[in-house]
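First up is the structure itself, then whatever we jot down about it.
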Amino acid sequence: MTPDGLNGRESEKLRAAVESILKVYTIPVILKKVLEVVANERASVSDLVEVIRHDQALSSKIVATANTAFYGFRRNISSIPGAATTLGFNMVRSLAVSVSVFRCASGDLAFLRKLWQHSFESALVSGLIAERTGLVKKEDAFLAGLIHDLGRAILYQIHGEKYLRVAVDASEDGLSEKEAAAFGADHSRVGAWFVDKYRFPKECVLAIEHHHEPEKCDGGKTARDIASIVHLADILSLKGKEDATVDEAAEKRLAAIMESVYLDPDGLNEIREKLWEMAEMIKEFYAS
């Protein structure tokens, strides 16, 4: 799986660190328990609920997600079992893992909060695009959008300030190349390694790995559609709610992606408006 042009030894070393992160790094007990449940083929959503209910902060995030406008509820769900019933095993697993990984990465709080905000915004936009186009289930798109940048948090956990220096010095367009040169793999590949080990849906794993270049995703139409949707959501979240493009090249790229997922300008504007309307809810969600 080592891509051309990368240092193979560094890549394999990094992958080993990512896949053994529970053994190598000191992380919260709750995350260890969550991942142990996730790795168990016979685990059910009730097993996850039993673990999560002992962590108030994690429980609150999952209940809040179940009550987002995306799911059509208005603070009617108040318990973890109720949220789990609404969200299902895959979504509860994704939230538990992503929230826990972000929480265990200590250091630059502003960086982590910004990354978490972007992840949640991308999840919401991915779900809205999926719902608008009907290409994939909105829950699957939301899931992939939520954890598409999980590799960045993992790289930060492993490399600390060195990763921050790379991330700060790189533009969004050049970040993947700089990560690969510095660490042996970029955040897309690192995130895919991690979620693949913990039995996330294959389409989700492939979408994470290819969310910057969805046209290279060869795992079937569903995986490619999810990767394209997440790529578009990534752009919309990064460039802002009112203007998603900054130059001619970006406009052409955006237009090509929109065409690939059958999203017209009216649909794009509607999604931008919805994202703007949810700004306060998003702020409350990630700030906690």
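FYI, nothing fancy with the structure tokens labels: chains A, B, ... in order, residues from 1 per chain, ligands from 1 as they appear.
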Got a sec to tell me which of region 151-270 of chain A DSSP assigns to helix (DSSP H, G or I), as a compact mmCIF listing (two decimals) with C-alpha atoms, in the first residue's frame?
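Produced file result.txt, reproduced below:
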# COMPACT_ATOMS: atom_id res chain seq x y z
CA GLY A 151 -5.68 11.13 10.32
CA ARG A 152 -4.66 14.70 11.09
CA ALA A 153 -5.53 14.28 14.76
CA ILE A 154 -3.67 10.95 14.83
CA LEU A 155 -0.57 12.42 13.18
CA TYR A 156 -0.68 15.23 15.71
CA GLN A 157 -0.95 12.73 18.56
CA ILE A 158 2.06 10.80 17.27
CA HIS A 159 4.31 13.68 16.14
CA GLU A 161 4.70 19.99 17.44
CA LYS A 162 6.46 18.59 14.39
CA TYR A 163 3.09 17.94 12.80
CA LEU A 164 1.85 21.41 13.69
CA ARG A 165 4.86 22.97 11.97
CA VAL A 166 4.12 20.99 8.81
CA ALA A 167 0.39 21.79 8.94
CA VAL A 168 0.90 25.51 9.56
CA ASP A 169 3.47 25.90 6.78
CA LEU A 175 -0.73 19.65 2.88
CA SER A 176 -0.92 16.01 1.78
CA GLU A 177 2.40 16.21 -0.08
CA LYS A 178 4.16 17.83 2.88
CA GLU A 179 2.73 15.24 5.30
CA ALA A 180 3.88 12.39 3.07
CA ALA A 181 7.37 13.85 2.77
CA ALA A 182 7.69 14.47 6.51
CA PHE A 183 6.06 11.35 7.96
CA HIS A 187 -3.51 12.18 6.77
CA SER A 188 -5.89 10.50 4.30
CA ARG A 189 -3.87 7.28 4.32
CA VAL A 190 -3.28 7.41 8.07
CA GLY A 191 -6.99 7.86 8.73
CA ALA A 192 -7.83 4.97 6.40
CA TRP A 193 -5.33 2.70 8.17
CA PHE A 194 -6.87 3.51 11.54
CA VAL A 195 -10.54 3.06 10.65
CA ASP A 196 -9.81 -0.05 8.60
CA LYS A 197 -8.20 -1.69 11.61
CA LYS A 202 -15.19 -0.53 3.57
CA GLU A 203 -16.81 2.27 1.55
CA CYS A 204 -16.03 4.65 4.41
CA VAL A 205 -12.40 3.51 4.58
CA LEU A 206 -11.95 4.06 0.83
CA ALA A 207 -13.73 7.43 0.93
CA ILE A 208 -11.38 8.64 3.67
CA GLU A 209 -8.32 7.45 1.78
CA PRO A 214 -12.05 10.86 -5.45
CA GLU A 215 -11.45 10.07 -9.11
CA LYS A 216 -8.71 7.65 -7.99
CA LYS A 221 -19.42 3.44 -7.38
CA THR A 222 -20.68 3.88 -3.81
CA ALA A 223 -17.21 4.44 -2.37
CA ARG A 224 -16.34 6.84 -5.20
CA ASP A 225 -19.59 8.77 -4.75
CA ILE A 226 -19.00 9.10 -1.00
CA ALA A 227 -15.42 10.23 -1.60
CA SER A 228 -16.64 12.85 -4.10
CA ILE A 229 -19.32 14.10 -1.72
CA VAL A 230 -16.84 14.38 1.15
CA HIS A 231 -14.38 16.18 -1.14
CA LEU A 232 -17.04 18.72 -2.04
CA ALA A 233 -18.10 19.11 1.59
CA ASP A 234 -14.45 19.60 2.53
CA ILE A 235 -14.19 22.49 0.06
CA LEU A 236 -17.43 24.10 1.21
CA SER A 237 -16.41 23.96 4.86
CA LEU A 238 -12.86 25.20 4.28
CA LYS A 239 -13.74 28.06 1.92
CA GLU A 248 -10.58 30.26 -11.38
CA ALA A 249 -8.86 26.94 -10.79
CA ALA A 250 -10.85 26.36 -7.63
CA GLU A 251 -14.07 27.21 -9.47
CA LYS A 252 -13.32 24.67 -12.20
CA ARG A 253 -12.48 22.02 -9.62
CA LEU A 254 -15.68 22.74 -7.72
CA ALA A 255 -17.76 22.62 -10.92
CA ALA A 256 -16.28 19.26 -11.92
CA ILE A 257 -17.01 17.74 -8.52
CA MET A 258 -20.55 19.14 -8.52
CA GLU A 259 -21.16 17.59 -11.93
CA SER A 260 -19.86 14.21 -10.75
CA PRO A 265 -25.85 25.61 -8.54
CA ASP A 266 -29.27 25.94 -6.92
CA GLY A 267 -28.59 22.88 -4.81
CA LEU A 268 -25.18 24.21 -3.84
CA ASN A 269 -26.65 27.54 -2.75
CA GLU A 270 -29.34 25.80 -0.74
Skip Leu128 (chain A) itself and residues of its chain fewer than 5 positions away, then list as a CSV table (one decimal) with N, CA and C atoms, in the first residue's frame all residues within 10 Å of it, counting only C-alpha atoms.
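Dumped everything to part_14.csv:
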chain,number,residue,atom,x,y,z
A,70,PHE,N,-29.9,17.8,11.2
A,70,PHE,CA,-29.7,16.8,10.2
A,70,PHE,C,-30.6,15.6,10.4
A,122,SER,N,-18.1,19.4,7.8
A,122,SER,CA,-18.0,18.5,6.6
A,122,SER,C,-19.0,17.4,6.7
A,123,ALA,N,-19.2,16.8,7.9
A,123,ALA,CA,-20.2,15.8,8.1
A,123,ALA,C,-21.6,16.2,7.7
A,133,THR,N,-28.9,14.8,-3.5
A,133,THR,CA,-28.6,14.1,-4.8
A,133,THR,C,-29.2,12.7,-4.8
A,134,GLY,N,-29.3,12.0,-3.6
A,134,GLY,CA,-29.8,10.7,-3.6
A,134,GLY,C,-28.9,9.6,-4.0
A,138,LYS,N,-27.6,9.2,3.4
A,138,LYS,CA,-27.0,10.4,4.1
A,138,LYS,C,-26.2,10.0,5.3
A,139,GLU,N,-26.7,9.0,6.0
A,139,GLU,CA,-25.9,8.5,7.2
A,139,GLU,C,-24.5,8.1,6.8
A,141,ALA,N,-22.7,9.2,4.2
A,141,ALA,CA,-22.0,10.4,3.8
A,141,ALA,C,-21.6,11.2,5.1
A,142,PHE,N,-22.5,11.3,6.0
A,142,PHE,CA,-22.3,12.0,7.3
A,142,PHE,C,-21.1,11.3,8.0
A,229,ILE,N,-18.5,13.3,-2.6
A,229,ILE,CA,-19.3,14.1,-1.7
A,229,ILE,C,-18.5,14.7,-0.6
A,233,ALA,N,-17.8,18.6,0.3
A,233,ALA,CA,-18.1,19.1,1.6
A,233,ALA,C,-16.9,19.7,2.2
A,267,GLY,N,-28.8,23.8,-5.9
A,267,GLY,CA,-28.6,22.9,-4.8
A,267,GLY,C,-27.4,23.3,-3.9
A,268,LEU,N,-26.4,23.8,-4.6
A,268,LEU,CA,-25.2,24.2,-3.8
A,268,LEU,C,-25.5,25.4,-3.0
A,270,GLU,N,-28.4,26.2,-1.8
A,270,GLU,CA,-29.3,25.8,-0.7
A,270,GLU,C,-28.6,25.2,0.4
A,271,ILE,N,-27.6,24.4,0.1
A,271,ILE,CA,-26.7,23.7,1.1
A,271,ILE,C,-25.9,24.8,1.8
A,272,ARG,N,-25.4,25.8,1.1
A,272,ARG,CA,-24.6,26.9,1.8
A,272,ARG,C,-25.5,27.6,2.8
A,274,LYS,N,-28.2,26.4,4.3
A,274,LYS,CA,-28.5,25.6,5.5
A,274,LYS,C,-27.3,25.5,6.4
A,275,LEU,N,-26.1,25.5,5.8
A,275,LEU,CA,-24.9,25.4,6.7
A,275,LEU,C,-24.8,26.7,7.5
Which residues of region 89-207 of chain A have any atom within 7 Å of an atom in region 41-58 of chain A when counting only C-alpha atoms, and what is the closest pair of atoms for each, with the distance in Å to one decimal? Order the rows by chain and rising number and write it as a Markdown table.
| residue | atom | partner | partner_atom | distance |
| --- | --- | --- | --- | --- |
| A:Phe89 | CA | A:Val45 | CA | 4.9 |
| A:Ala96 | CA | A:Leu58 | CA | 6.8 |
| A:Val99 | CA | A:Leu58 | CA | 7.0 |
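The environment of Val63 (chain A) within 9 Å, counting only C-alpha atoms and disregarding residues fewer than 3 places along the same chain, consists of Leu58, Ser59, Ser60, Ala66, Asn67, Thr68, Arg75, Ile77, Ser78, Ser79, Ile80, Gly82, Ala83 and Ala84 of chain A.
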With only C-alpha atoms as the basis for distance, which of A:Asp264, A:Glu36, A:Glu121, A:Glu19 is at the shortest distance from Gly145 (chain A)? A:Glu121
